[in-house]
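The file start-v8.pdb comes next; it holds PDB, C-alpha atoms.
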MODEL        1
ATOM      1  CA  MET A   1     101.160  67.265 158.270
ATOM      2  CA  PRO A   2      98.111  67.988 156.076
ATOM      3  CA  LYS A   3      98.221  70.967 153.800
ATOM      4  CA  GLY A   4      95.952  73.891 154.621
ATOM      5  CA  SER A   5      93.234  75.155 152.344
ATOM      6  CA  PRO A   6      94.000  78.116 150.063
ATOM      7  CA  ALA A   7      91.972  80.326 152.399
ATOM      8  CA  GLN A   8      93.989  79.170 155.428
ATOM      9  CA  ILE A   9      97.271  79.748 153.640
ATOM     10  CA  ALA A  10      96.176  83.203 152.549
ATOM     11  CA  GLY A  11      95.033  84.019 156.080
ATOM     12  CA  LEU A  12      98.382  82.918 157.515
ATOM     13  CA  GLY A  13     100.230  85.062 155.001
ATOM     14  CA  ILE A  14      98.099  88.089 155.897
ATOM     15  CA  SER A  15      98.791  87.495 159.603
ATOM     16  CA  TYR A  16     102.556  87.480 158.997
ATOM     17  CA  PHE A  17     102.233  90.638 156.925
ATOM     18  CA  ARG A  18     100.330  92.354 159.764
ATOM     19  CA  VAL A  19     103.113  91.451 162.200
ATOM     20  CA  MET A  20     105.714  92.976 159.894
ATOM     21  CA  LEU A  21     103.636  96.125 159.475
ATOM     22  CA  GLY A  22     103.201  96.312 163.246
ATOM     23  CA  ALA A  23     106.941  96.845 163.609
ATOM     24  CA  LEU A  24     106.686  99.725 161.152
ATOM     25  CA  TRP A  25     103.825 101.357 163.102
ATOM     26  CA  ARG A  26     105.841 101.091 166.340
ATOM     27  CA  LEU A  27     108.779 102.751 164.624
ATOM     28  CA  GLU A  28     106.498 105.526 163.381
ATOM     29  CA  ALA A  29     105.247 106.125 166.942
ATOM     30  CA  LYS A  30     108.833 106.254 168.245
ATOM     31  CA  LEU A  31     109.820 108.765 165.598
ATOM     32  CA  LYS A  32     106.886 110.929 166.704
ATOM     33  CA  GLY A  33     108.173 110.921 170.283
ATOM     34  CA  ALA A  34     106.429 107.972 171.947
ATOM     35  CA  LYS A  35     108.439 105.821 174.369
ATOM     36  CA  PHE A  36     108.168 102.016 174.613
ATOM     37  CA  LEU A  37     109.163 100.207 177.816
ATOM     38  CA  GLY A  38     109.049  96.739 176.271
ATOM     39  CA  THR A  39     107.313  94.691 173.620
ATOM     40  CA  ALA A  40     104.215  96.052 171.898
ATOM     41  CA  THR A  41     101.813  94.635 169.328
ATOM     42  CA  PHE A  42     100.166  96.922 166.784
ATOM     43  CA  GLN A  43      97.597  95.199 164.575
ATOM     44  CA  GLY A  44      96.816  97.880 162.048
ATOM     45  CA  ARG A  45      98.120 101.420 161.967
ATOM     46  CA  PRO A  46      97.053 103.640 164.885
ATOM     47  CA  ILE A  47      96.860 107.421 164.734
ATOM     48  CA  VAL A  48      99.570 108.766 167.039
ATOM     49  CA  SER A  49     100.470 112.383 167.735
ATOM     50  CA  VAL A  50     102.749 113.667 170.483
ATOM     51  CA  ALA A  51     102.703 117.375 171.300
ATOM     52  CA  GLY A  52     105.992 119.113 171.985
ATOM     53  CA  ASP A  53     107.211 118.795 175.594
ATOM     54  CA  SER A  54     104.651 116.080 176.350
ATOM     55  CA  ARG A  55     104.995 112.372 177.198
ATOM     56  CA  MET A  56     103.459 109.258 175.684
ATOM     57  CA  VAL A  57     104.605 105.971 177.236
ATOM     58  CA  PHE A  58     103.624 102.424 176.262
ATOM     59  CA  GLY A  59     104.311  99.763 178.889
ATOM     60  CA  GLU A  60     105.484  96.183 178.440
ATOM     61  CA  ASN A  61     103.216  93.879 176.419
ATOM     62  CA  PHE A  62     101.035  96.728 175.126
ATOM     63  CA  VAL A  63      98.454  95.736 172.481
ATOM     64  CA  ALA A  64      96.596  98.062 170.098
ATOM     65  CA  ASN A  65      94.126  96.620 167.594
ATOM     66  CA  SER A  66      93.349  99.017 164.769
ATOM     67  CA  SER A  67      92.663  96.848 161.737
ATOM     68  CA  LEU A  68      89.095  95.910 160.872
ATOM     69  CA  ARG A  69      89.467  92.196 161.663
ATOM     70  CA  SER A  70      91.754  92.454 164.679
ATOM     71  CA  ASN A  71      88.860  92.347 167.178
ATOM     72  CA  PRO A  72      85.815  90.013 167.304
ATOM     73  CA  LEU A  73      83.511  93.079 167.228
ATOM     74  CA  ALA A  74      85.570  94.589 164.381
ATOM     75  CA  CYS A  75      87.283  97.959 164.644
ATOM     76  CA  PHE A  76      85.353 100.605 162.731
ATOM     77  CA  GLN A  77      88.255 103.013 163.260
ATOM     78  CA  PRO A  78      91.939 102.770 164.206
ATOM     79  CA  CYS A  79      93.159 103.442 167.714
ATOM     80  CA  VAL A  80      93.869 107.134 168.301
ATOM     81  CA  PHE A  81      96.532 108.138 170.841
ATOM     82  CA  ARG A  82      97.222 111.859 171.273
ATOM     83  CA  THR A  83      98.893 114.222 173.679
ATOM     84  CA  LEU A  84      97.461 117.605 172.827
ATOM     85  CA  ALA A  85      99.470 120.231 174.732
ATOM     86  CA  PRO A  86     102.904 120.846 176.252
ATOM     87  CA  GLY A  87     103.214 119.131 179.607
ATOM     88  CA  ALA A  88     100.504 116.559 178.835
ATOM     89  CA  GLU A  89     101.114 112.885 179.567
ATOM     90  CA  LEU A  90      99.536 109.693 178.284
ATOM     91  CA  ILE A  91     100.772 106.653 180.184
ATOM     92  CA  PHE A  92      99.882 103.020 179.508
ATOM     93  CA  GLU A  93     101.208 100.554 182.066
ATOM     94  CA  GLU A  94     102.054  96.922 181.268
ATOM     95  CA  ASN A  95      99.593  94.484 179.700
ATOM     96  CA  VAL A  96      97.148  97.157 178.545
ATOM     97  CA  GLY A  97      95.065  96.326 175.485
ATOM     98  CA  LEU A  98      92.828  98.526 173.343
ATOM     99  CA  SER A  99      90.750  97.994 170.206
ATOM    100  CA  GLY A 100      89.749 100.903 167.991
ATOM    101  CA  ALA A 101      89.819 103.170 171.050
ATOM    102  CA  VAL A 102      90.486 106.919 171.320
ATOM    103  CA  VAL A 103      92.655 108.194 174.181
ATOM    104  CA  CYS A 104      93.492 111.915 174.215
ATOM    105  CA  ALA A 105      95.326 113.838 176.930
ATOM    106  CA  GLY A 106      95.414 117.606 177.284
ATOM    107  CA  LYS A 107      96.720 117.167 180.838
ATOM    108  CA  SER A 108      97.032 113.553 181.992
ATOM    109  CA  VAL A 109      95.577 110.133 181.246
ATOM    110  CA  GLN A 110      97.046 107.127 183.055
ATOM    111  CA  ILE A 111      95.821 103.589 182.425
ATOM    112  CA  GLY A 112      96.850 100.882 184.878
ATOM    113  CA  ARG A 113      98.260  97.449 184.177
ATOM    114  CA  GLY A 114      96.056  94.725 182.830
ATOM    115  CA  THR A 115      93.276  97.108 181.785
ATOM    116  CA  ILE A 116      91.458  96.444 178.523
ATOM    117  CA  VAL A 117      89.440  98.931 176.493
ATOM    118  CA  GLY A 118      86.734  97.775 174.093
ATOM    119  CA  SER A 119      86.070  98.608 170.470
ATOM    120  CA  GLY A 120      85.252 102.259 169.841
ATOM    121  CA  ALA A 121      85.606 103.438 173.462
ATOM    122  CA  MET A 122      86.877 106.984 174.151
ATOM    123  CA  ILE A 123      88.881 108.340 177.080
ATOM    124  CA  LEU A 124      89.086 112.151 176.947
ATOM    125  CA  ASP A 125      90.465 114.442 179.650
ATOM    126  CA  ASN A 126      89.368 117.743 178.078
ATOM    127  CA  ASP A 127      86.539 119.390 176.119
ATOM    128  CA  PHE A 128      88.589 120.131 172.967
ATOM    129  CA  HIS A 129      86.922 123.547 172.586
ATOM    130  CA  ALA A 130      86.299 126.690 174.620
ATOM    131  CA  LEU A 131      83.770 129.425 173.903
ATOM    132  CA  ASP A 132      85.149 132.885 173.209
ATOM    133  CA  SER A 133      82.560 135.646 173.638
ATOM    134  CA  GLU A 134      83.753 137.421 170.494
ATOM    135  CA  SER A 135      85.139 134.811 168.105
ATOM    136  CA  GLY A 136      82.990 131.817 169.073
ATOM    137  CA  TRP A 137      84.312 128.328 169.615
ATOM    138  CA  ARG A 138      88.074 127.833 169.506
ATOM    139  CA  ASN A 139      90.283 124.796 169.895
ATOM    140  CA  GLU A 140      91.423 124.405 173.497
ATOM    141  CA  TYR A 141      92.978 121.298 175.011
ATOM    142  CA  ALA A 142      94.653 122.286 178.289
ATOM    143  CA  GLU A 143      92.724 125.040 180.086
ATOM    144  CA  ASN A 144      89.670 122.883 180.729
ATOM    145  CA  ALA A 145      91.523 119.562 181.101
ATOM    146  CA  ARG A 146      91.257 117.429 184.245
ATOM    147  CA  ALA A 147      93.334 114.315 184.756
ATOM    148  CA  ILE A 148      91.909 110.819 184.259
ATOM    149  CA  THR A 149      93.272 107.887 186.257
ATOM    150  CA  ILE A 150      92.230 104.326 185.459
ATOM    151  CA  GLY A 151      93.343 101.591 187.822
ATOM    152  CA  GLU A 152      94.557  98.037 187.321
ATOM    153  CA  PHE A 153      92.570  95.262 185.623
ATOM    154  CA  VAL A 154      89.705  97.576 184.675
ATOM    155  CA  PHE A 155      87.350  96.562 181.862
ATOM    156  CA  ILE A 156      85.939  99.368 179.687
ATOM    157  CA  GLY A 157      83.252  98.129 177.316
ATOM    158  CA  ALA A 158      82.720  98.904 173.655
ATOM    159  CA  ARG A 159      81.623 102.462 172.783
ATOM    160  CA  ALA A 160      81.927 103.647 176.379
ATOM    161  CA  ILE A 161      83.092 107.231 176.999
ATOM    162  CA  VAL A 162      85.173 108.254 180.015
ATOM    163  CA  LEU A 163      85.221 112.026 180.491
ATOM    164  CA  LYS A 164      87.583 114.446 182.211
ATOM    165  CA  GLY A 165      88.374 114.306 185.907
ATOM    166  CA  VAL A 166      87.284 110.684 186.370
ATOM    167  CA  THR A 167      89.115 108.138 188.506
ATOM    168  CA  ILE A 168      88.255 104.463 187.998
ATOM    169  CA  GLY A 169      89.353 102.068 190.714
ATOM    170  CA  ASP A 170      91.049  98.694 190.301
ATOM    171  CA  ARG A 171      88.964  95.862 188.808
ATOM    172  CA  ALA A 172      86.013  98.120 188.059
ATOM    173  CA  VAL A 173      83.829  97.509 185.006
ATOM    174  CA  VAL A 174      82.459 100.169 182.651
ATOM    175  CA  GLY A 175      79.535  98.825 180.643
ATOM    176  CA  ALA A 176      79.244  99.092 176.880
ATOM    177  CA  GLY A 177      77.972 102.504 175.791
ATOM    178  CA  ALA A 178      78.294 104.041 179.262
ATOM    179  CA  VAL A 179      79.124 107.739 179.603
ATOM    180  CA  VAL A 180      81.235 108.083 182.750
ATOM    181  CA  THR A 181      81.268 111.559 184.307
ATOM    182  CA  ARG A 182      82.123 110.695 187.926
ATOM    183  CA  ASP A 183      84.468 108.398 189.800
ATOM    184  CA  VAL A 184      83.921 104.639 189.790
ATOM    185  CA  PRO A 185      85.039 102.921 193.021
ATOM    186  CA  ALA A 186      87.240  99.845 192.883
ATOM    187  CA  GLY A 187      85.378  96.669 192.036
ATOM    188  CA  GLN A 188      82.154  98.450 191.063
ATOM    189  CA  ILE A 189      80.215  98.700 187.790
ATOM    190  CA  ALA A 190      79.367 101.894 185.883
ATOM    191  CA  ALA A 191      76.566 101.583 183.320
ATOM    192  CA  GLY A 192      74.161 103.889 181.506
ATOM    193  CA  ASN A 193      74.130 107.479 180.250
ATOM    194  CA  PRO A 194      75.039 109.226 182.433
ATOM    195  CA  ALA A 195      76.606 106.217 184.132
ATOM    196  CA  LYS A 196      75.294 105.053 187.486
ATOM    197  CA  ILE A 197      77.329 102.970 189.923
ATOM    198  CA  PHE A 198      76.279  99.439 190.833
ATOM    199  CA  ALA A 199      77.790  96.763 193.043
ATOM    200  CA  LYS A 200      78.839  93.675 191.083
ATOM    201  CA  GLU A 201      76.585  91.535 193.273
ATOM    202  CA  ALA A 202      73.547  93.600 192.262
ATOM    203  CA  ALA A 203      74.389  93.024 188.598
ATOM    204  CA  ASN A 204      74.755  89.251 189.121
ATOM    205  CA  LEU A 205      78.381  89.269 188.020
TER     206      LEU A 205
ENDMDL
END

Structure rendered as structure tokens:
Amino acid sequence: MPKGSPAQIAGLGISYFRVMLGALWRLEAKLKGAKFLGTATFQGRPIVSVAGDSRMVFGENFVANSSLRSNPLACFQPCVFRTLAPGAELIFEENVGLSGAVVCAGKSVQIGRGTIVGSGAMILDNDFHALDSESGWRNEYAENARAITIGEFVFIGARAIVLKGVTIGDRAVVGAGAVVTRDVPAGQIAAGNPAKIFAKEAANL
């Protein structure tokens, strides 16, 4: 068997090191209150926070890419997974994969099996702030929250934003950079800002 180049050997060593660190990041998430239902791969350290009396569940074969080189587009930030208030839930079913994505739940975000989320996308079920007539803007994660449900085998493109109250049906596609403010039916495409709904046939897919 031919010997690899120094660069190949170094790359292999870095890959092994990332795998070892991934186990550490999973342990960190568990210690913060996250639950794992099976194997999970963390490439790079995600930002994880679990509010008291909330739930964060990672399904079997979950993948989170957070390191710069873990995605062909590169990850300009780590994945961010947060439950923000008591009673909130963030549920990832099996075979979900995300790269440098932000998913925050003040009430409920559920992502179905086989769904993948592109580099830099955000899924946010609340406005993060509320306006007080006397004191101005204050942090608020639950009062204005509306649940997000994402179906099975959905594709959410890079830098897309899915906002509160949205339901995305099975096998739908959200285009890169789209801002989704309304439901996307199963098998349809959402693209643009604000996103419009297209049939896959019309988009030549």

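For the pair CA of Ala64 (chain A) and CA of Val154 (chain A), the separation is 16.1 Å.
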
Nearest to Ala74 (chain A) by atom-to-atom distance, counting only C-alpha atoms, from A:Ala51, A:Val180, A:Leu24, A:Ala158: A:Ala158

Residues within 7 Å of Gly165 (chain A), please, as JSON, numbers by chain. Count all atoms listed in the file; anything in the same chain fewer than 4 positions from it doesn't count. {"A": [125, 146, 147, 148]}

Using the selection just defined, write its residues with C-alpha atoms as a PDB file, in the coordinates of the input.
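The result, stored in again04.pdb:
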ATOM      1  CA  ASP A 125      90.465 114.442 179.650  1.00  0.00           C
ATOM      2  CA  ARG A 146      91.257 117.429 184.245  1.00  0.00           C
ATOM      3  CA  ALA A 147      93.334 114.315 184.756  1.00  0.00           C
ATOM      4  CA  ILE A 148      91.909 110.819 184.259  1.00  0.00           C
TER       5      ILE A 148
END

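Proximity of A:Gly118, A:Val96, A:Asn139, A:Ile197 to Ala176 (chain A), computed with only C-alpha atoms, is greatest for A:Gly118.
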
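Proximity to Ile156 (chain A) at 7 Å, evaluated using only C-alpha atoms and with sequence-adjacent residues fewer than 5 positions away removed, yields Ile116, Val117, Gly118, Val173, Val174 and Gly175 of chain A.
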
The PyMOL selection byres ((chain A and resi 112) around 7) resolved against shown file, as a list in words: Phe92, Glu93, Gln110, Ile111, Arg113, Gly114, Thr115, Ile150, Gly151 and Glu152 of chain A

Provide the CA of Pro46 (chain A) to CA of Ile123 (chain A) distance in Å, to one decimal place. 15.4 Å

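Between CA of Arg138 (chain A) and CA of Asn193 (chain A) the interatomic distance comes to 26.9 Å.
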